[in-house]
$ cat final.tsv   # TSV, C-alpha atoms
chain	number	residue	atom	x	y	z
A	1	GLN	CA	-62.25	-18.77	-140.50
A	2	PRO	CA	-63.59	-16.89	-137.41
A	3	LEU	CA	-60.28	-17.27	-135.60
A	4	ALA	CA	-58.46	-15.69	-138.50
A	5	ALA	CA	-60.25	-12.44	-137.78
A	6	VAL	CA	-58.58	-12.21	-134.36
A	7	SER	CA	-55.46	-10.14	-134.30
A	8	ASP	CA	-52.08	-11.81	-134.53
A	9	ASP	CA	-51.02	-10.20	-131.28
A	10	PHE	CA	-53.77	-12.03	-129.34
A	11	PHE	CA	-52.73	-15.43	-130.66
A	12	GLN	CA	-49.08	-14.77	-130.05
A	13	ARG	CA	-49.90	-14.23	-126.36
A	14	PHE	CA	-52.53	-16.86	-125.59
A	15	VAL	CA	-53.12	-19.46	-128.32
A	16	TYR	CA	-51.34	-22.80	-128.81
A	17	ARG	CA	-47.65	-22.33	-129.64
A	18	GLY	CA	-48.22	-18.60	-129.94
A	19	CYS	CA	-48.99	-18.80	-133.68
A	20	PRO	CA	-52.04	-17.67	-135.66
A	21	PHE	CA	-53.75	-20.51	-137.52
A	22	VAL	CA	-56.92	-21.56	-139.32
A	23	VAL	CA	-58.73	-24.89	-139.55
A	24	GLU	CA	-58.88	-26.36	-143.06
A	25	ASN	CA	-60.59	-29.66	-142.31
A	26	CYS	CA	-61.41	-31.84	-139.35
A	27	SER	CA	-60.82	-35.57	-139.19
A	28	SER	CA	-58.73	-37.64	-136.86
A	29	THR	CA	-56.17	-34.88	-137.01
A	30	PHE	CA	-56.33	-31.18	-137.59
A	31	SER	CA	-54.51	-29.73	-140.54
A	32	LEU	CA	-53.45	-26.26	-139.58
A	33	ARG	CA	-52.11	-23.65	-141.96
A	34	GLY	CA	-50.81	-20.45	-140.54
A	35	ARG	CA	-48.51	-17.54	-141.06
A	36	PHE	CA	-45.24	-18.06	-139.24
A	37	PRO	CA	-42.58	-15.43	-138.91
A	38	GLN	CA	-39.84	-17.86	-139.95
A	39	ASP	CA	-41.48	-21.00	-141.27
A	40	ARG	CA	-44.78	-21.37	-143.16
A	41	SER	CA	-44.77	-25.18	-143.02
A	42	GLU	CA	-47.92	-27.06	-142.13
A	43	VAL	CA	-48.38	-28.11	-138.57
A	44	GLU	CA	-50.42	-31.07	-137.40
A	45	MET	CA	-51.60	-31.72	-133.85
A	46	SER	CA	-53.98	-34.10	-132.13
A	47	CYS	CA	-57.63	-33.32	-131.54
A	48	SER	CA	-57.19	-33.25	-127.74
A	49	GLU	CA	-54.57	-30.53	-128.00
A	50	MET	CA	-56.91	-28.49	-130.14
A	51	VAL	CA	-59.70	-28.80	-127.58
A	52	ARG	CA	-57.43	-27.59	-124.84
A	53	ALA	CA	-56.45	-24.62	-126.90
A	54	LEU	CA	-60.08	-23.70	-127.53
A	55	LEU	CA	-60.87	-23.96	-123.80
A	56	VAL	CA	-58.09	-21.50	-123.07
A	57	VAL	CA	-59.62	-19.09	-125.55
A	58	PHE	CA	-63.10	-19.35	-124.06
A	59	GLY	CA	-61.72	-19.02	-120.54
A	60	LEU	CA	-59.93	-15.82	-121.41
A	61	LEU	CA	-63.03	-14.40	-123.07
A	62	SER	CA	-65.14	-15.27	-120.00
A	63	HIS	CA	-62.66	-13.60	-117.68
A	64	TRP	CA	-62.72	-10.49	-119.88
A	65	ILE	CA	-66.52	-10.36	-119.71
A	66	ILE	CA	-66.58	-10.81	-115.89
A	67	THR	CA	-64.02	-8.12	-115.25
A	68	ARG	CA	-66.00	-5.68	-117.36
A	69	SER	CA	-69.36	-6.48	-115.67
A	70	THR	CA	-68.20	-6.66	-111.99
A	71	ALA	CA	-67.43	-3.57	-109.96
A	72	VAL	CA	-63.86	-3.59	-108.76
A	73	VAL	CA	-63.51	-3.47	-104.92
A	74	THR	CA	-60.39	-2.13	-103.34
A	75	GLY	CA	-59.23	-1.56	-99.78
A	76	PRO	CA	-58.33	-3.99	-96.95
A	77	VAL	CA	-60.35	-7.04	-95.98
A	78	ARG	CA	-61.06	-8.02	-92.37
A	79	PHE	CA	-62.37	-11.15	-90.68
A	80	LEU	CA	-65.81	-10.90	-89.07
A	81	ASN	CA	-67.37	-12.48	-85.96
A	82	LEU	CA	-64.13	-13.18	-84.14
A	83	PRO	CA	-62.92	-15.25	-82.37
A	84	TYR	CA	-63.23	-18.55	-84.21
A	85	ASP	CA	-63.41	-21.19	-81.48
A	86	GLY	CA	-64.88	-24.41	-82.82
A	87	TYR	CA	-66.16	-27.60	-81.15
A	88	ILE	CA	-66.91	-31.03	-82.52
A	89	GLN	CA	-67.85	-34.36	-80.92
A	90	ALA	CA	-65.38	-37.22	-81.18
A	91	ASP	CA	-68.02	-39.52	-82.70
A	92	ALA	CA	-69.06	-37.04	-85.42
A	93	ALA	CA	-69.47	-38.38	-88.95
A	94	LEU	CA	-67.34	-37.29	-91.89
A	95	GLU	CA	-68.18	-33.90	-93.36
A	96	ASN	CA	-69.99	-32.92	-90.17
A	97	PRO	CA	-69.54	-29.23	-89.46
A	98	VAL	CA	-67.45	-27.81	-86.67
A	99	TYR	CA	-69.69	-25.76	-84.36
A	100	ARG	CA	-69.25	-22.47	-82.56
A	101	LEU	CA	-71.30	-20.57	-79.98
A	102	ASN	CA	-73.09	-17.50	-81.28
A	103	SER	CA	-73.85	-14.37	-79.25
A	104	GLU	CA	-77.01	-15.99	-77.85
A	105	GLY	CA	-75.14	-19.05	-76.58
A	106	ILE	CA	-76.46	-21.41	-79.27
A	107	PHE	CA	-74.29	-23.81	-81.27
A	108	VAL	CA	-74.19	-22.96	-84.99
A	109	PRO	CA	-71.91	-24.24	-87.78
A	110	LEU	CA	-68.59	-22.40	-87.80
A	111	GLN	CA	-68.15	-20.24	-90.89
A	112	VAL	CA	-65.34	-17.73	-91.33
A	113	GLN	CA	-66.23	-14.52	-93.11
A	114	ILE	CA	-64.37	-11.50	-94.42
A	115	SER	CA	-65.55	-8.00	-95.13
A	116	ASN	CA	-65.09	-5.89	-98.25
A	117	ALA	CA	-65.06	-8.86	-100.62
A	118	PRO	CA	-67.80	-9.85	-103.08
A	119	PRO	CA	-68.77	-13.55	-102.81
A	120	SER	CA	-67.29	-14.37	-106.20
A	121	THR	CA	-63.86	-13.11	-105.10
A	122	ARG	CA	-63.55	-14.82	-101.72
A	123	LEU	CA	-61.03	-17.58	-101.11
A	124	PHE	CA	-60.26	-19.28	-97.77
A	125	THR	CA	-57.38	-21.56	-96.85
A	126	LEU	CA	-56.22	-23.27	-93.63
A	127	THR	CA	-52.66	-23.78	-92.46
A	128	GLY	CA	-52.31	-26.09	-89.47
A	129	THR	CA	-49.95	-25.08	-86.70
A	130	SER	CA	-50.64	-27.70	-84.00
A	131	GLY	CA	-52.83	-30.68	-83.25
A	132	GLU	CA	-54.62	-32.89	-85.75
A	133	TYR	CA	-54.91	-30.32	-88.51
A	134	ASP	CA	-55.01	-33.00	-91.21
A	135	LYS	CA	-58.46	-34.07	-89.98
A	136	PHE	CA	-60.23	-30.84	-90.84
A	137	ARG	CA	-60.72	-28.75	-93.94
A	138	ILE	CA	-62.36	-25.49	-95.03
A	139	LEU	CA	-64.63	-24.92	-98.01
A	140	GLU	CA	-62.57	-22.52	-100.08
A	141	SER	CA	-65.38	-20.29	-101.33
A	142	LYS	CA	-67.81	-20.46	-98.37
A	143	GLY	CA	-65.55	-20.63	-95.31
A	144	ASN	CA	-67.30	-23.57	-93.56
A	145	VAL	CA	-65.01	-25.87	-91.52
A	146	THR	CA	-65.84	-29.59	-91.61
A	147	LEU	CA	-64.45	-32.93	-90.43
A	148	LYS	CA	-62.22	-34.50	-93.07
A	149	LYS	CA	-61.07	-37.66	-91.24
A	150	ALA	CA	-63.01	-39.69	-88.68
A	151	ASN	CA	-62.25	-40.26	-85.00
A	152	PRO	CA	-60.50	-37.11	-83.87
A	153	THR	CA	-58.86	-37.46	-80.46
A	154	VAL	CA	-60.87	-36.28	-77.45
A	155	ASN	CA	-59.53	-33.23	-75.59
A	156	VAL	CA	-57.10	-32.39	-78.38
A	157	THR	CA	-57.22	-28.77	-79.56
A	158	THR	CA	-56.13	-28.10	-83.13
A	159	THR	CA	-54.96	-24.62	-84.11
A	160	PHE	CA	-55.04	-23.16	-87.61
A	161	THR	CA	-54.03	-19.98	-89.33
A	162	VAL	CA	-56.86	-18.92	-91.64
A	163	PHE	CA	-56.23	-16.89	-94.77
A	164	GLY	CA	-59.12	-14.85	-96.14
A	165	ILE	CA	-58.32	-13.67	-99.64
A	166	ARG	CA	-60.04	-11.31	-102.03
A	167	ARG	CA	-58.98	-12.45	-105.47
A	168	ALA	CA	-57.98	-9.87	-108.04
A	169	LEU	CA	-60.23	-9.14	-111.00
A	170	THR	CA	-58.12	-6.56	-112.80
A	171	GLY	CA	-54.50	-7.18	-111.98
A	172	PHE	CA	-53.14	-6.78	-108.44
A	173	SER	CA	-54.76	-3.48	-107.53
A	174	ASP	CA	-57.81	-5.17	-105.97
A	175	TYR	CA	-56.01	-8.12	-104.39
A	176	ALA	CA	-56.08	-8.24	-100.54
A	177	PHE	CA	-56.02	-10.77	-97.71
A	178	ASP	CA	-56.23	-11.08	-93.93
A	179	THR	CA	-55.23	-13.78	-91.42
A	180	THR	CA	-56.56	-14.93	-88.06
A	181	GLN	CA	-56.45	-17.89	-85.69
A	182	LEU	CA	-58.98	-20.72	-85.59
A	183	THR	CA	-59.16	-23.49	-82.97
A	184	VAL	CA	-61.09	-26.76	-83.02
A	185	ASN	CA	-61.76	-28.53	-79.70
A	186	VAL	CA	-62.69	-32.21	-79.76
A	187	VAL	CA	-65.13	-33.12	-76.95
A	188	VAL	CA	-67.06	-36.20	-75.88
A	189	LYS	CA	-70.35	-34.31	-76.00
A	190	LEU	CA	-71.20	-30.74	-76.85
A	191	ASN	CA	-72.21	-28.68	-73.82
A	192	ALA	CA	-75.59	-27.48	-75.03
A	193	HIS	CA	-77.13	-25.95	-71.86
A	194	SER	CA	-76.27	-23.27	-69.31
A	195	PRO	CA	-77.05	-23.50	-65.56
A	196	GLN	CA	-80.35	-21.90	-64.55
A	197	PHE	CA	-80.93	-20.30	-61.12
A	198	SER	CA	-84.17	-21.08	-59.31
A	199	GLN	CA	-84.66	-17.36	-58.58
A	200	SER	CA	-83.59	-14.16	-60.30
A	201	LEU	CA	-83.22	-12.43	-56.91
A	202	TYR	CA	-82.31	-13.83	-53.47
A	203	ALA	CA	-82.67	-11.81	-50.23
A	204	GLY	CA	-81.40	-12.42	-46.69
A	205	ASP	CA	-80.80	-10.65	-43.36
A	206	VAL	CA	-77.83	-10.62	-41.00
A	207	SER	CA	-77.36	-8.88	-37.66
A	208	SER	CA	-74.55	-6.35	-37.40
A	209	ASP	CA	-73.23	-8.20	-34.34
A	210	ALA	CA	-73.47	-11.67	-35.94
A	211	ALA	CA	-70.47	-13.94	-35.48
A	212	THR	CA	-68.38	-15.07	-38.44
A	213	GLY	CA	-69.55	-18.36	-39.90
A	214	TYR	CA	-73.21	-17.33	-39.85
A	215	ASP	CA	-75.10	-18.81	-42.84
A	216	ILE	CA	-77.30	-16.17	-44.47
A	217	LEU	CA	-78.99	-17.98	-47.39
A	218	THR	CA	-78.48	-20.61	-50.10
A	219	VAL	CA	-78.68	-20.19	-53.88
A	220	THR	CA	-79.44	-23.09	-56.24
A	221	ALA	CA	-79.01	-23.66	-59.98
A	222	THR	CA	-79.53	-26.70	-62.23
A	223	ASP	CA	-78.08	-27.74	-65.61
A	224	ALA	CA	-79.93	-29.86	-68.17
A	225	ASP	CA	-76.76	-31.51	-69.52
A	226	ASN	CA	-75.76	-34.98	-68.38
A	227	GLY	CA	-72.47	-36.06	-66.86
A	228	THR	CA	-69.73	-33.60	-66.05
A	229	SER	CA	-71.32	-31.00	-68.34
A	230	GLY	CA	-74.20	-30.76	-65.87
A	231	THR	CA	-72.06	-30.26	-62.74
A	232	VAL	CA	-72.60	-26.75	-61.34
A	233	SER	CA	-70.28	-24.65	-59.17
A	234	TYR	CA	-70.96	-21.24	-57.57
A	235	SER	CA	-68.96	-18.06	-56.99
A	236	ILE	CA	-69.44	-14.38	-56.14
A	237	ASP	CA	-68.98	-12.40	-59.32
A	238	SER	CA	-69.18	-8.83	-57.95
A	239	GLY	CA	-70.47	-6.63	-55.13
A	240	ASP	CA	-68.41	-7.93	-52.18
A	241	ASP	CA	-65.71	-5.27	-52.15
A	242	ALA	CA	-65.37	-5.45	-48.34
A	243	GLY	CA	-64.85	-9.22	-48.40
A	244	LEU	CA	-67.64	-9.88	-45.89
A	245	PHE	CA	-69.14	-12.93	-47.57
A	246	SER	CA	-68.18	-16.30	-49.01
A	247	LEU	CA	-70.22	-18.51	-51.37
A	248	ALA	CA	-69.65	-22.26	-51.09
A	249	SER	CA	-68.76	-23.53	-54.57
A	250	GLN	CA	-70.65	-26.81	-54.23
A	251	SER	CA	-73.61	-26.06	-51.92
A	252	GLY	CA	-74.25	-22.42	-52.84
A	253	THR	CA	-74.47	-21.30	-49.17
A	254	LEU	CA	-73.67	-17.63	-48.54
A	255	THR	CA	-71.74	-17.22	-45.26
A	256	LEU	CA	-70.52	-14.23	-43.24
A	257	VAL	CA	-66.74	-14.55	-43.02
A	258	LYS	CA	-65.83	-11.14	-41.61
A	259	LYS	CA	-67.27	-9.10	-38.74
A	260	ILE	CA	-69.45	-6.19	-39.82
A	261	THR	CA	-67.89	-2.99	-38.53
A	262	ASP	CA	-69.40	-0.40	-40.85
A	263	THR	CA	-73.07	-0.02	-39.93
A	264	THR	CA	-73.56	2.93	-42.27
A	265	VAL	CA	-73.95	0.43	-45.15
A	266	LEU	CA	-77.13	-1.49	-44.38
A	267	LEU	CA	-77.70	-3.14	-47.79
A	268	HIS	CA	-75.20	-5.20	-49.78
A	269	SER	CA	-75.99	-6.10	-53.42
A	270	LEU	CA	-74.08	-9.06	-54.86
A	271	VAL	CA	-73.98	-10.80	-58.23
A	272	VAL	CA	-73.42	-14.56	-57.99
A	273	LYS	CA	-72.49	-16.86	-60.86
A	274	ALA	CA	-73.17	-20.53	-61.56
A	275	LYS	CA	-71.01	-22.30	-64.15
A	276	ASP	CA	-70.97	-25.87	-65.43
A	277	ASN	CA	-68.07	-28.20	-66.17
A	278	GLY	CA	-68.71	-28.73	-69.87
A	279	VAL	CA	-66.79	-27.73	-73.01
A	280	PRO	CA	-67.23	-24.93	-73.67
A	281	VAL	CA	-67.95	-23.73	-70.16
A	282	ARG	CA	-71.39	-22.14	-69.80
A	283	SER	CA	-72.56	-19.88	-66.97
A	284	SER	CA	-75.43	-17.70	-65.75
A	285	SER	CA	-75.88	-15.04	-63.04
A	286	SER	CA	-78.35	-14.02	-60.34
A	287	LYS	CA	-78.65	-11.16	-57.84
A	288	VAL	CA	-78.40	-11.41	-54.03
A	289	THR	CA	-79.25	-8.66	-51.52
A	290	VAL	CA	-78.15	-8.88	-47.87
A	291	ARG	CA	-79.76	-6.51	-45.35
A	292	VAL	CA	-77.81	-5.62	-42.20
A	293	ILE	CA	-79.97	-5.39	-39.05
A	294	VAL	CA	-78.58	-3.13	-36.31
A	295	PRO	CA	-80.00	-4.07	-32.85
A	296	THR	CA	-81.50	-1.15	-30.85
A	297	THR	CA	-80.58	-0.53	-27.14
A	298	ALA	CA	-83.62	-1.06	-24.86
A	299	ALA	CA	-84.58	2.07	-22.80
A	300	SER	CA	-84.55	1.59	-18.99
A	301	THR	CA	-88.13	1.25	-17.65
A	302	PRO	CA	-88.85	2.35	-14.02
A	303	THR	CA	-89.91	-0.45	-11.70
A	304	VAL	CA	-93.51	-0.16	-10.53
A	305	PRO	CA	-93.93	-1.63	-7.01
A	306	ALA	CA	-96.66	-4.16	-6.54
A	307	THR	CA	-99.82	-2.87	-4.80
A	308	ARG	CA	-100.47	-4.65	-1.58
A	309	LYS	CA	-103.28	-4.28	0.91
A	310	ARG	CA	-102.47	-4.57	4.53
A	311	SER	CA	-105.14	-5.60	6.96
A	312	THR	CA	-105.09	-4.01	10.36
A	313	THR	CA	-107.04	-5.47	13.26
A	314	VAL	CA	-109.67	-3.05	14.40
A	315	ALA	CA	-109.31	-2.64	18.14
A	316	PRO	CA	-112.37	-1.03	19.70
A	317	THR	CA	-111.65	0.76	22.96
A	318	THR	CA	-114.04	1.86	25.68
A	319	SER	CA	-113.84	5.09	27.56
A	320	GLU	CA	-116.69	5.97	29.95
A	321	GLY	CA	-119.42	4.50	27.82
A	322	ILE	CA	-117.96	5.85	24.61
A	323	THR	CA	-116.90	3.19	22.09
A	324	THR	CA	-113.80	4.11	20.12
A	325	VAL	CA	-112.97	2.00	17.02
A	326	THR	CA	-109.66	2.21	15.17
A	327	SER	CA	-109.95	2.10	11.35
A	328	PRO	CA	-107.97	-0.23	9.13
A	329	THR	CA	-104.67	1.28	8.04
A	330	THR	CA	-101.99	0.69	5.49
A	331	SER	CA	-98.27	0.79	5.93
A	332	GLY	CA	-97.00	4.14	6.95
A	333	SER	CA	-100.44	5.33	8.22
A	334	THR	CA	-101.52	6.14	11.77
A	335	VAL	CA	-104.97	5.04	12.84
A	336	GLY	CA	-107.17	7.78	14.21
A	337	PRO	CA	-109.96	7.29	16.72
A	338	THR	CA	-113.54	6.96	15.63
A	339	THR	CA	-116.22	7.93	18.10
A	340	ALA	CA	-119.38	5.89	18.12
A	341	ALA	CA	-122.74	6.97	19.59
A	342	PRO	CA	-123.36	6.11	23.27
A	343	LEU	CA	-124.44	2.57	23.68
A	344	THR	CA	-128.09	2.08	24.44
A	345	GLU	CA	-130.34	-0.83	24.95
A	346	GLY	CA	-130.64	-2.98	21.88
A	347	PRO	CA	-128.38	-3.62	18.95
A	348	THR	CA	-125.79	-1.06	18.03
A	349	THR	CA	-124.77	-0.60	14.39
A	350	LEU	CA	-121.48	1.02	13.46
A	351	SER	CA	-121.61	3.46	10.59
A	352	PRO	CA	-119.56	2.28	7.62
A	353	THR	CA	-116.73	4.46	6.36
A	354	THR	CA	-114.77	4.12	3.16
A	355	ALA	CA	-110.98	3.69	3.02
A	356	ALA	CA	-109.06	3.76	-0.24
A	357	PRO	CA	-106.34	1.15	-0.54
A	358	SER	CA	-102.91	2.68	-0.22
A	359	THR	CA	-100.34	2.22	-3.00
A	360	GLU	CA	-97.46	3.34	-0.85
A	361	ILE	CA	-94.42	1.14	-0.48
A	362	ILE	CA	-94.78	-0.95	2.63
A	363	THR	CA	-92.05	-0.50	5.17
A	364	THR	CA	-90.70	-3.23	7.39
A	365	SER	CA	-91.26	-1.29	10.60
A	366	PRO	CA	-94.23	-2.73	12.51
A	367	THR	CA	-96.74	-0.21	13.82
A	368	THR	CA	-99.11	-0.45	16.74
A	369	ALA	CA	-102.47	1.19	16.42
A	370	THR	CA	-103.50	3.31	19.41
A	371	SER	CA	-106.57	5.26	20.24
A	372	SER	CA	-104.64	8.49	20.44
A	373	ALA	CA	-103.05	8.28	16.97
A	374	VAL	CA	-103.25	11.08	14.43
A	375	PRO	CA	-106.15	10.66	12.01
A	376	SER	CA	-105.20	9.07	8.68
A	377	THR	CA	-104.96	11.32	5.63
A	378	ASP	CA	-105.30	8.48	3.17
A	379	GLY	CA	-108.99	9.10	2.72
A	380	PRO	CA	-112.13	7.64	4.18
A	381	THR	CA	-111.97	4.15	5.66
A	382	THR	CA	-114.76	1.71	5.04
A	383	LEU	CA	-115.65	-0.61	7.91
A	384	SER	CA	-117.81	-3.59	7.39
A	385	PRO	CA	-121.18	-3.15	9.17
A	386	THR	CA	-121.10	-4.87	12.57
A	387	THR	CA	-124.18	-5.85	14.53
A	388	ALA	CA	-123.71	-6.03	18.29
A	389	GLU	CA	-125.70	-8.34	20.50
A	390	PRO	CA	-128.41	-6.57	22.57
A	391	SER	CA	-127.06	-5.57	25.91
A	392	THR	CA	-129.14	-6.41	29.00
A	393	GLU	CA	-126.88	-5.10	31.69
A	394	GLY	CA	-125.89	-1.58	31.06
A	395	PRO	CA	-123.07	-0.45	28.83
A	396	THR	CA	-121.11	-3.08	26.93
A	397	THR	CA	-117.40	-2.91	27.23
A	398	LEU	CA	-115.25	-4.21	24.33
A	399	SER	CA	-111.90	-5.67	25.17
A	400	PRO	CA	-108.97	-3.75	23.73
A	401	THR	CA	-106.97	-5.72	21.15
A	402	THR	CA	-103.44	-5.00	20.18
A	403	PRO	CA	-102.79	-5.72	16.41
A	404	GLU	CA	-100.02	-8.10	15.52
A	405	PRO	CA	-96.89	-6.45	14.13
A	406	SER	CA	-96.75	-6.66	10.35
A	407	THR	CA	-94.11	-8.90	8.85
A	408	GLU	CA	-94.70	-7.78	5.28
A	409	GLY	CA	-91.98	-5.99	3.54
$ encode --input "final.tsv" --output "structure tokens"
Amino acid sequence: QPLAAVSDDFFQRFVYRGCPFVVENCSSTFSLRGRFPQDRSEVEMSCSEMVRALLVVFGLLSHWIITRSTAVVTGPVRFLNLPYDGYIQADAALENPVYRLNSEGIFVPLQVQISNAPPSTRLFTLTGTSGEYDKFRILESKGNVTLKKANPTVNVTTTFTVFGIRRALTGFSDYAFDTTQLTVNVVVKLNAHSPQFSQSLYAGDVSSDAATGYDILTVTATDADNGTSGTVSYSIDSGDDAGLFSLASQSGTLTLVKKITDTTVLLHSLVVKAKDNGVPVRSSSSKVTVRVIVPTTAASTPTVPATRKRSTTVAPTTSEGITTVTSPTTSGSTVGPTTAAPLTEGPTTLSPTTAAPSTEIITTSPTTATSSAVPSTDGPTTLSPTTAEPSTEGPTTLSPTTPEPSTEG
């Protein structure tokens, strides 16, 4: 009876056989009586066919309710978080997710997403183009990619074309789709760690006249992964525009490979990189500063001659009871006479005089002191006090002594 209230036009479009009908009784079969344009005969059909017909009716009613309660979205759709590069271990279990690296370098399950599409309208499909595309699948409504068949082949990369569809709610006006590429790399073990430098900044010095091949410093980095994923290699990433330096890929030693000719640039700032050998490849960076030392030219220092004292034999001379004593001299000086008091009975003491040591350069010409020489201008000469033996027989005559020629330079 309720179905009879629905318009004939509705049943002609959607209901079983396109005919309006009513249910008279229900047993093992349905007896249907309806109004037919040509034939008003009774029609009988099985119970299962009737159930299917009712499901169609309820489905259409539900779709009508959804389209009236959901806002219609129009415009293009676009994939988000590109690119889609996935990784999975060869020993992964079925339904395990394919992973991708996020912006922070952490593995997360790969999920494709599109913009401008409500969740209830999204639909995702994969079309394989190369590799083992039959071993993976995508969840149609969520976009997660998982392993469908076990034992994918190591080092095989599978490529897919992904369709992201926004399903239509009210005809074709709100239907849209986008496509992109997705790759899945099968690895022995996921490369979970990046190399880490021991220092964030390295500093070294090099002389501007250093020869090529001079080792300046060494950088070091370690990786927590095992096997080949933990093998680290080094390179200069930036800062060496002049090509002065080389970084050994295995040892991390920074070497001067070109003579430094421009001494106006005294500080070189480099960025060095350490990368591992895993899949995907991971890397990290550190800074290096190299200071150029320019040697200064030593100023010429005047040579100061060594100070030498020259001893001169004091030769006392006697002239008519007057004792004349020559004073010690230095090179280049002439000894002048010194007159002592007349000799009397008893001991005679010579008065001491003070002579300053000369700092003049000693010449090689020997000099002979005489009693008639010009008095020295080098200052007072000090003679050690001398005590003479008491004379008992008149004046005491001192023998003249000629000083030995000097051999000092």
$ atom_distance --input "final.tsv" --atom1 "atom CA of A:Thr263" --atom2 "atom CA of A:Thr220"
29.0 Å
$ closest_atom_pairs --input "final.tsv" --of "stretch 51-166 of chain A" --to "stretch 172-185 of chain A" --cutoff "7 Å" --atoms "only C-alpha atoms" --output "tab-separated table"
residue	atom	partner	partner_atom	distance
A:Val72	CA	A:Asp174	CA	6.8
A:Val73	CA	A:Asp174	CA	6.0
A:Thr74	CA	A:Asp174	CA	4.8
A:Pro76	CA	A:Ala176	CA	6.0
A:Val77	CA	A:Phe177	CA	6.0
A:Arg78	CA	A:Asp178	CA	5.9
A:Phe79	CA	A:Asp178	CA	6.9
A:Tyr84	CA	A:Leu182	CA	5.0
A:Asp85	CA	A:Thr183	CA	5.1
A:Gly86	CA	A:Val184	CA	4.5
A:Tyr87	CA	A:Asn185	CA	4.7
A:Ile88	CA	A:Asn185	CA	6.4
A:Asn155	CA	A:Asn185	CA	6.6
A:Val156	CA	A:Asn185	CA	6.2
A:Thr157	CA	A:Asn185	CA	4.5
A:Thr158	CA	A:Val184	CA	5.1
A:Thr159	CA	A:Thr183	CA	4.5
A:Phe160	CA	A:Leu182	CA	5.1
A:Thr161	CA	A:Gln181	CA	4.8
A:Val162	CA	A:Thr180	CA	5.4
A:Phe163	CA	A:Thr179	CA	4.7
A:Gly164	CA	A:Asp178	CA	5.2
A:Ile165	CA	A:Phe177	CA	4.2
A:Arg166	CA	A:Ala176	CA	5.2
$ closest_residue --input "final.tsv" --among "A:Leu139, A:Val290, A:Leu94, A:Ala224" --to "A:Asp240" --atoms "all atoms listed in the file"
A:Val290
$ residues_around --input "final.tsv" --residues "A:Val265" --least-positions-apart "3" --cutoff "12 Å" --atoms "all atoms listed in the file" --output "ChimeraX atom specification"
/A:208,242,260-262,268-269,290-294
$ atom_distance --input "final.tsv" --atom1 "atom CA of A:Tyr99" --atom2 "atom CA of A:Val232"
23.2 Å
$ atom_distance --input "final.tsv" --atom1 "atom CA of A:Ser130" --atom2 "atom CA of A:Asn277"
24.9 Å
$ closest_residue --input "final.tsv" --among "A:Lys189, A:Arg52, A:Lys273, A:Arg167" --to "A:Arg122" --atoms "only C-alpha atoms"
A:Arg167
$ closest_residue --input "final.tsv" --among "A:Leu169, A:Leu270, A:Val279, A:Ala192" --to "A:Val154" --atoms "only C-alpha atoms"
A:Val279
$ closest_residue --input "final.tsv" --among "A:Thr218, A:Gln199, A:Asn96, A:Thr125" --to "A:Lys148" --atoms "all atoms listed in the file"
A:Asn96
$ closest_residue --input "final.tsv" --among "A:Ser141, A:Thr129, A:Thr153, A:Thr146" --to "A:Asp91" --atoms "all atoms listed in the file"
A:Thr153
$ closest_residue --input "final.tsv" --among "A:Asp276, A:Asp205, A:Gln89, A:Leu267" --to "A:Gly230" --atoms "all atoms listed in the file"
A:Asp276
$ residues_around --input "final.tsv" --residues "A:Ala274" --least-positions-apart "3" --cutoff "8 Å" --atoms "all atoms listed in the file" --output "compact mmCIF listing (two decimals) with C-alpha atoms, keeping the file's coordinate frame"
# COMPACT_ATOMS: atom_id res chain seq x y z
CA PRO A 195 -77.05 -23.50 -65.56
CA GLN A 196 -80.35 -21.90 -64.55
CA PHE A 197 -80.93 -20.30 -61.12
CA ALA A 221 -79.01 -23.66 -59.98
CA VAL A 232 -72.60 -26.75 -61.34
CA SER A 233 -70.28 -24.65 -59.17
CA TYR A 234 -70.96 -21.24 -57.57
CA SER A 235 -68.96 -18.06 -56.99
CA SER A 283 -72.56 -19.88 -66.97
CA SER A 284 -75.43 -17.70 -65.75
CA SER A 285 -75.88 -15.04 -63.04
$ axis_aligned_box --input "final.tsv" --around "stretch 87-96 of chain A" --padding-each-side "4 Å" --output "lines of an AutoDock Vina configuration file"
center_x = -67.7
center_y = -33.6
center_z = -87.1
size_x = 12.6
size_y = 19.9
size_z = 20.4
